[in-house]
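Coordinates from protein28.csv are shown below (CSV, C-alpha atoms and all ligand atoms).
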chain,number,residue,atom,x,y,z
A,9,MET,CA,90.7,-100.5,-269.8
A,10,ASN,CA,93.7,-102.7,-268.9
A,11,ARG,CA,95.5,-102.9,-265.6
A,12,PHE,CA,98.3,-100.5,-266.8
A,13,CYS,CA,95.8,-97.8,-267.8
A,14,LEU,CA,93.9,-98.1,-264.5
A,15,ALA,CA,97.1,-97.5,-262.6
A,16,LEU,CA,97.6,-94.3,-264.5
A,17,THR,CA,94.1,-93.1,-264.0
A,18,LYS,CA,94.0,-90.3,-261.4
A,19,PHE,CA,91.4,-90.7,-258.7
A,20,LEU,CA,89.8,-87.4,-257.9
A,21,THR,CA,88.0,-87.1,-254.7
A,22,VAL,CA,85.0,-84.9,-254.5
A,23,GLN,CA,84.7,-83.0,-251.2
A,24,THR,CA,81.2,-83.6,-249.9
A,25,ILE,CA,79.5,-81.6,-247.2
A,26,GLN,CA,80.1,-83.0,-243.7
A,27,LYS,CA,81.3,-81.8,-240.3
A,28,GLY,CA,84.4,-79.8,-240.5
A,29,VAL,CA,84.1,-78.3,-244.0
A,30,VAL,CA,83.6,-74.7,-245.1
A,31,VAL,CA,80.6,-74.4,-247.4
A,32,THR,CA,79.9,-71.5,-249.7
A,33,LEU,CA,76.4,-71.5,-251.1
A,34,SER,CA,73.7,-69.3,-252.6
A,35,TYR,CA,70.1,-69.4,-251.3
A,36,THR,CA,66.7,-68.0,-251.7
A,37,LEU,CA,64.5,-68.2,-248.7
A,38,ARG,CA,60.7,-68.1,-249.4
A,39,GLU,CA,57.8,-68.5,-247.2
A,40,ASN,CA,56.0,-71.9,-247.4
A,41,ASP,CA,56.9,-73.1,-250.9
A,42,ALA,CA,58.4,-72.4,-254.3
A,43,GLN,CA,55.7,-69.8,-255.0
A,44,GLY,CA,56.0,-68.1,-251.6
A,45,VAL,CA,57.2,-64.5,-251.1
A,46,ILE,CA,61.0,-64.1,-250.8
A,47,ILE,CA,62.1,-63.4,-247.2
A,48,GLN,CA,65.9,-63.4,-247.8
A,49,GLU,CA,68.3,-64.2,-250.6
A,50,THR,CA,72.0,-64.1,-251.2
A,51,THR,CA,73.6,-62.1,-254.0
A,52,GLN,CA,76.4,-63.2,-256.2
A,53,GLU,CA,78.9,-60.9,-254.4
A,54,ASN,CA,77.7,-62.1,-251.0
A,55,PRO,CA,77.1,-65.8,-250.9
A,56,LEU,CA,76.7,-67.5,-247.5
A,57,VAL,CA,80.0,-68.9,-246.2
A,58,PHE,CA,79.9,-71.0,-243.0
A,59,LEU,CA,81.6,-73.8,-241.1
A,60,PHE,CA,79.4,-76.9,-241.4
A,61,GLY,CA,78.4,-78.6,-238.1
A,62,ALA,CA,79.4,-75.6,-235.9
A,63,GLY,CA,75.8,-74.8,-235.0
A,64,GLN,CA,75.6,-71.6,-237.0
A,65,LEU,CA,72.7,-72.6,-239.1
A,66,LEU,CA,69.4,-74.3,-238.5
A,67,PRO,CA,70.2,-78.0,-237.9
A,68,GLU,CA,67.4,-79.0,-240.3
A,69,PHE,CA,69.1,-76.8,-243.0
A,70,GLU,CA,72.4,-78.6,-242.5
A,71,HIS,CA,70.7,-81.9,-242.5
A,72,ASN,CA,69.2,-81.2,-245.9
A,73,ILE,CA,72.5,-80.2,-247.6
A,74,ALA,CA,74.8,-82.8,-246.0
A,75,GLY,CA,76.5,-85.0,-248.5
A,76,LYS,CA,76.2,-82.5,-251.4
A,77,SER,CA,79.1,-81.2,-253.3
A,78,GLN,CA,80.2,-78.2,-255.4
A,79,GLY,CA,77.7,-77.5,-258.2
A,80,ASP,CA,74.8,-79.3,-256.6
A,81,GLU,CA,71.5,-77.5,-256.4
A,82,TYR,CA,68.9,-78.0,-253.7
A,83,ALA,CA,65.3,-77.3,-252.8
A,84,PHE,CA,63.6,-78.2,-249.6
A,85,GLY,CA,61.1,-77.0,-247.0
A,86,ILE,CA,61.4,-76.7,-243.3
A,87,LEU,CA,58.3,-76.6,-241.1
A,88,ALA,CA,58.1,-73.7,-238.6
A,89,GLU,CA,58.5,-76.1,-235.6
A,90,ASN,CA,61.8,-77.3,-237.0
A,91,ALA,CA,63.0,-73.8,-238.0
A,92,TYR,CA,62.3,-70.8,-235.7
A,93,GLY,CA,59.5,-72.3,-233.7
A,94,LEU,CA,55.8,-71.8,-233.6
A,95,TYR,CA,54.4,-68.4,-233.0
A,96,ASP,CA,53.8,-67.8,-229.3
A,97,PRO,CA,50.9,-65.4,-228.7
A,98,GLU,CA,52.3,-64.8,-225.2
A,99,GLY,CA,55.4,-63.2,-226.8
A,100,LEU,CA,53.3,-60.2,-227.8
A,101,VAL,CA,53.2,-58.0,-224.8
A,102,ASP,CA,52.3,-54.4,-223.8
A,103,LEU,CA,55.1,-52.8,-221.9
A,104,PRO,CA,54.6,-49.6,-219.8
A,105,ILE,CA,55.8,-46.6,-221.7
A,106,GLU,CA,57.9,-45.4,-218.8
A,107,ILE,CA,60.5,-48.0,-219.8
A,108,PHE,CA,61.3,-45.9,-222.8
A,109,MET,CA,61.8,-42.7,-220.9
A,110,GLU,CA,65.3,-41.3,-221.1
A,111,ASP,CA,66.2,-38.3,-219.0
A,112,GLY,CA,62.5,-37.4,-218.7
A,113,ARG,CA,61.9,-37.7,-222.4
A,114,LEU,CA,60.3,-40.4,-224.4
A,115,ALA,CA,62.7,-42.1,-226.8
A,116,GLU,CA,60.3,-41.6,-229.7
A,117,ASP,CA,62.8,-42.6,-232.3
A,118,LEU,CA,63.0,-46.1,-230.8
A,119,LEU,CA,59.3,-46.7,-230.9
A,120,VAL,CA,58.8,-46.9,-234.6
A,121,PRO,CA,56.8,-50.0,-235.6
A,122,GLY,CA,59.1,-52.7,-237.1
A,123,ARG,CA,62.1,-51.5,-235.2
A,124,THR,CA,64.1,-54.1,-233.3
A,125,LEU,CA,64.9,-53.3,-229.7
A,126,ARG,CA,67.2,-55.0,-227.2
A,127,LEU,CA,65.5,-55.3,-223.9
A,128,GLN,CA,67.0,-56.5,-220.6
A,129,ASP,CA,64.9,-58.5,-218.2
A,130,ASP,CA,65.1,-58.7,-214.4
A,131,ALA,CA,67.6,-61.5,-214.6
A,132,GLY,CA,69.9,-59.4,-216.8
A,133,HIS,CA,69.2,-61.4,-219.9
A,134,VAL,CA,68.9,-59.4,-223.1
A,135,HIS,CA,66.1,-60.2,-225.6
A,136,SER,CA,65.3,-58.9,-229.0
A,137,ALA,CA,61.8,-57.6,-229.6
A,138,ILE,CA,60.1,-55.9,-232.5
A,139,VAL,CA,58.0,-52.8,-231.9
A,140,LYS,CA,54.4,-53.4,-233.0
A,141,GLY,CA,52.6,-50.3,-232.0
A,142,ARG,CA,51.8,-47.8,-229.3
A,143,GLY,CA,48.9,-47.3,-226.9
A,144,LEU,CA,48.4,-44.3,-224.6
A,145,ASP,CA,50.7,-45.5,-221.9
A,146,THR,CA,52.0,-48.7,-223.4
A,147,VAL,CA,54.2,-49.9,-226.2
A,148,GLN,CA,53.4,-53.3,-227.8
A,149,VAL,CA,56.4,-55.4,-228.6
A,150,ASP,CA,56.8,-58.9,-230.0
A,151,PHE,CA,59.5,-61.2,-228.5
A,152,ASN,CA,58.9,-63.9,-231.1
A,153,HIS,CA,61.6,-64.4,-233.7
A,154,PRO,CA,60.6,-62.6,-236.9
A,155,LEU,CA,60.4,-66.0,-238.6
A,156,ALA,CA,58.5,-67.7,-235.9
A,157,GLY,CA,55.4,-69.5,-237.2
A,158,LYS,CA,56.7,-69.5,-240.7
A,159,ASN,CA,57.3,-72.6,-242.8
A,160,LEU,CA,60.5,-72.0,-244.8
A,161,TYR,CA,61.4,-73.0,-248.3
A,162,PHE,CA,65.0,-72.9,-249.5
A,163,THR,CA,66.4,-73.2,-253.0
A,164,GLY,CA,70.0,-72.6,-254.0
A,165,GLN,CA,73.3,-74.0,-255.1
A,166,ILE,CA,76.5,-75.3,-253.4
A,167,LEU,CA,79.2,-73.0,-254.8
A,168,SER,CA,82.2,-74.6,-253.1
A,169,VAL,CA,83.2,-77.0,-250.3
A,170,ARG,CA,86.6,-77.2,-248.8
A,171,GLN,CA,88.2,-78.7,-245.7
A,172,ALA,CA,88.3,-76.2,-242.8
A,173,THR,CA,91.8,-75.2,-241.5
A,174,PRO,CA,92.8,-76.3,-238.0
A,175,ASP,CA,92.4,-72.6,-236.9
A,176,GLU,CA,88.9,-72.5,-238.3
A,177,LEU,CA,88.0,-75.7,-236.5
A,178,ALA,CA,89.5,-74.4,-233.2
A,179,HIS,CA,87.7,-71.1,-233.5
A,180,GLY,CA,84.4,-72.5,-234.7
A,181,HIS,CA,84.1,-70.1,-237.6
A,182,VAL,CA,85.4,-69.4,-241.1
A,183,HIS,CA,88.4,-67.2,-241.7
A,184,GLY,CA,89.0,-65.2,-244.9
A,185,PRO,CA,86.4,-64.2,-247.6
A,186,GLY,CA,82.9,-64.4,-246.1
A,187,GLY,CA,84.2,-65.1,-242.7
A,188,VAL,CA,86.0,-63.5,-239.8
A,189,HIS,CA,89.1,-61.4,-240.4
A,190,HIS,CA,91.6,-61.5,-237.5
B,1,ZN,ZN,88.8,-67.0,-235.8
Any chance you could put this one into C-alpha cells?
Ligand SMILES: [Zn+2]
Amino acid sequence: MNRFCLALTKFLTVQTIQKGVVVTLSYTLRENDAQGVIIQETTQENPLVFLFGAGQLLPEFEHNIAGKSQGDEYAFGILAENAYGLYDPEGLVDLPIEIFMEDGRLAEDLLVPGRTLRLQDDAGHVHSAIVKGRGLDTVQVDFNHPLAGKNLYFTGQILSVRQATPDELAHGHVHGPGGVHH
C-alpha cells in the first residue's frame, strides 16, 4: 500500500471495556466450573447492561472483562473469597419467634423456608436473611449472602460497548434500555 492509499484508509477505533463505558453482555453463572449447576443466566431479551467501573458488579468480574470489546466471549472463575465471601457459620441464627408476631398473630406467610426477609437490628440497620426452618419457639434464618461460600464460574459474550453519556457518568448508572428511565 502506498502513502496515498494509506491516507485514504479509515482508522476504525474499537471501543474496549474500561472505566466510563456502558457494557451490554450475556452471561451464564455456574457453580464451580463449566460443568457446574446454573445459578443465573441472562436471556436474549434481557442481557445485563451496566456502567463499567461504577461498583455495580463484583470487582473481580470487571477485572476479568476489562479490555474486551463487542463480540468477545469470555469464561473465567471467581473463588468464593473474591466473590460473595466465605460462608460464615455464625450467620445462621435462631431468632425468637415473638419477632414475627404481628397484632398477636404469627406472620406464618413470612416464615416459609427459602423466603428472604428484611430484618432491622438494634442500630437500625436492615439486613437480608433467608428463612431456613422453624423450631417450637424459634425461627432459623441465615444472614449469609445466598452465594456465600460458592466458587463462581462465568461464561458469556460482550454484546456491545459504548461510551457513557455525561449524565450517566454523573448519576453512576445507565440510562435507556436495560438501565434507569427518568
Ligand atoms: Zn440517572
Distance of atom CA of A:His133 from atom CA of A:Asp102, expressed in Å to one decimal place =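 Interatomic distance here is 18.7 Å.
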Could you tell me, counting all atoms listed in the file, which protein and nucleic acid residues lie no more than 10 Å from ligand ZN 1 (chain B), written as a count of residues only?
-> 14
With all atoms listed in the file as the counted atoms, please give the residues lying no more than 9 Å from stretch 40-49 of chain A, apart from itself and same-chain residues fewer than 5 positions off, as a compact mmCIF listing (two decimals) with C-alpha atoms, keeping the file's coordinate frame.
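Result file follows (selection_2.txt):
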# COMPACT_ATOMS: atom_id res chain seq x y z
CA SER A 34 73.70 -69.30 -252.60
CA TYR A 35 70.10 -69.40 -251.30
CA PRO A 55 77.10 -65.80 -250.90
CA ALA A 83 65.30 -77.30 -252.80
CA PHE A 84 63.60 -78.20 -249.60
CA GLY A 85 61.10 -77.00 -247.00
CA ILE A 86 61.40 -76.70 -243.30
CA LEU A 87 58.30 -76.60 -241.10
CA LYS A 158 56.70 -69.50 -240.70
CA ASN A 159 57.30 -72.60 -242.80
CA LEU A 160 60.50 -72.00 -244.80
CA TYR A 161 61.40 -73.00 -248.30
CA PHE A 162 65.00 -72.90 -249.50
CA THR A 163 66.40 -73.20 -253.00
In file coordinates, which residues lie within 10 Å of (61.4, -65.5, -226.9) using all atoms listed in the file, given as a short mmCIF file (atom, residue, chain, number, x, y, z; two decimals) with C-alpha atoms, keeping the file's coordinate frame?
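Result saved to selection12.cif:
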data_model
loop_
_atom_site.label_atom_id
_atom_site.label_comp_id
_atom_site.auth_asym_id
_atom_site.auth_seq_id
_atom_site.Cartn_x
_atom_site.Cartn_y
_atom_site.Cartn_z
CA GLY A 93 59.50 -72.30 -233.70
CA TYR A 95 54.40 -68.40 -233.00
CA ASP A 96 53.80 -67.80 -229.30
CA GLU A 98 52.30 -64.80 -225.20
CA GLY A 99 55.40 -63.20 -226.80
CA LEU A 100 53.30 -60.20 -227.80
CA HIS A 135 66.10 -60.20 -225.60
CA SER A 136 65.30 -58.90 -229.00
CA ALA A 137 61.80 -57.60 -229.60
CA ASP A 150 56.80 -58.90 -230.00
CA PHE A 151 59.50 -61.20 -228.50
CA ASN A 152 58.90 -63.90 -231.10
CA HIS A 153 61.60 -64.40 -233.70
CA ALA A 156 58.50 -67.70 -235.90
#
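The space between atom CA of A:Gly61 and atom CA of A:Gly164 spans 19.0 Å.
Atom CA of A:Leu155 sits 21.1 Å away from atom CA of A:Tyr82.
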Close residues, A:Gly63 itself excluded, 12 Å, all atoms listed in the file, min 6 positions apart in chain, as a VMD selection string = chain A and resid 27 to 28 69 to 71 180 to 181
Take the residues from that selection and put them in a file with C-alpha atoms, as a PDB file, keeping the file's coordinate frame.
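Output saved as again_14.pdb:
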ATOM      1  CA  LYS A  27      81.300 -81.800-240.300  1.00  0.00           C
ATOM      2  CA  GLY A  28      84.400 -79.800-240.500  1.00  0.00           C
ATOM      3  CA  PHE A  69      69.100 -76.800-243.000  1.00  0.00           C
ATOM      4  CA  GLU A  70      72.400 -78.600-242.500  1.00  0.00           C
ATOM      5  CA  HIS A  71      70.700 -81.900-242.500  1.00  0.00           C
ATOM      6  CA  GLY A 180      84.400 -72.500-234.700  1.00  0.00           C
ATOM      7  CA  HIS A 181      84.100 -70.100-237.600  1.00  0.00           C
TER       8      HIS A 181
END
Within 8 Å of stretch 165-173 of chain A, which residues of stretch 36-128 of chain A show up? Give each one with its shortest atom-to-atom distance in Å (one decimal) and the two atoms involved, counting all atoms listed in the file, rows by chain then rising residue number, as JSON lines.
{"residue": "A:Leu59", "atom": "CA", "partner": "A:Ala172", "partner_atom": "CA", "distance": 7.3}
{"residue": "A:Lys76", "atom": "CA", "partner": "A:Ile166", "partner_atom": "CA", "distance": 7.5}
{"residue": "A:Ser77", "atom": "CA", "partner": "A:Ile166", "partner_atom": "CA", "distance": 6.4}
{"residue": "A:Gln78", "atom": "CA", "partner": "A:Ser168", "partner_atom": "CA", "distance": 4.7}
{"residue": "A:Gly79", "atom": "CA", "partner": "A:Ile166", "partner_atom": "CA", "distance": 5.4}
{"residue": "A:Asp80", "atom": "CA", "partner": "A:Ile166", "partner_atom": "CA", "distance": 5.4}
{"residue": "A:Glu81", "atom": "CA", "partner": "A:Gln165", "partner_atom": "CA", "distance": 4.1}
{"residue": "A:Tyr82", "atom": "CA", "partner": "A:Gln165", "partner_atom": "CA", "distance": 6.1}
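Minimum distance to A:Glu116 across A:Leu37, A:Thr32, A:Arg142, A:Glu68 (counting only C-alpha atoms) occurs at A:Arg142.
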Nearest to A:Gly143 among A:Pro185, A:Ala115, A:Val22, A:Leu103, with distances taken over only C-alpha atoms: which residue is it?
->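 Among the listed residues, A:Leu103 lies closest to A:Gly143.
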Counting only C-alpha atoms, the residue of A:Val149, A:Ala62, A:Leu118, A:Ala88 that sits nearest A:Val101 |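 With only C-alpha atoms as the atom set, the closest residue is A:Val149.
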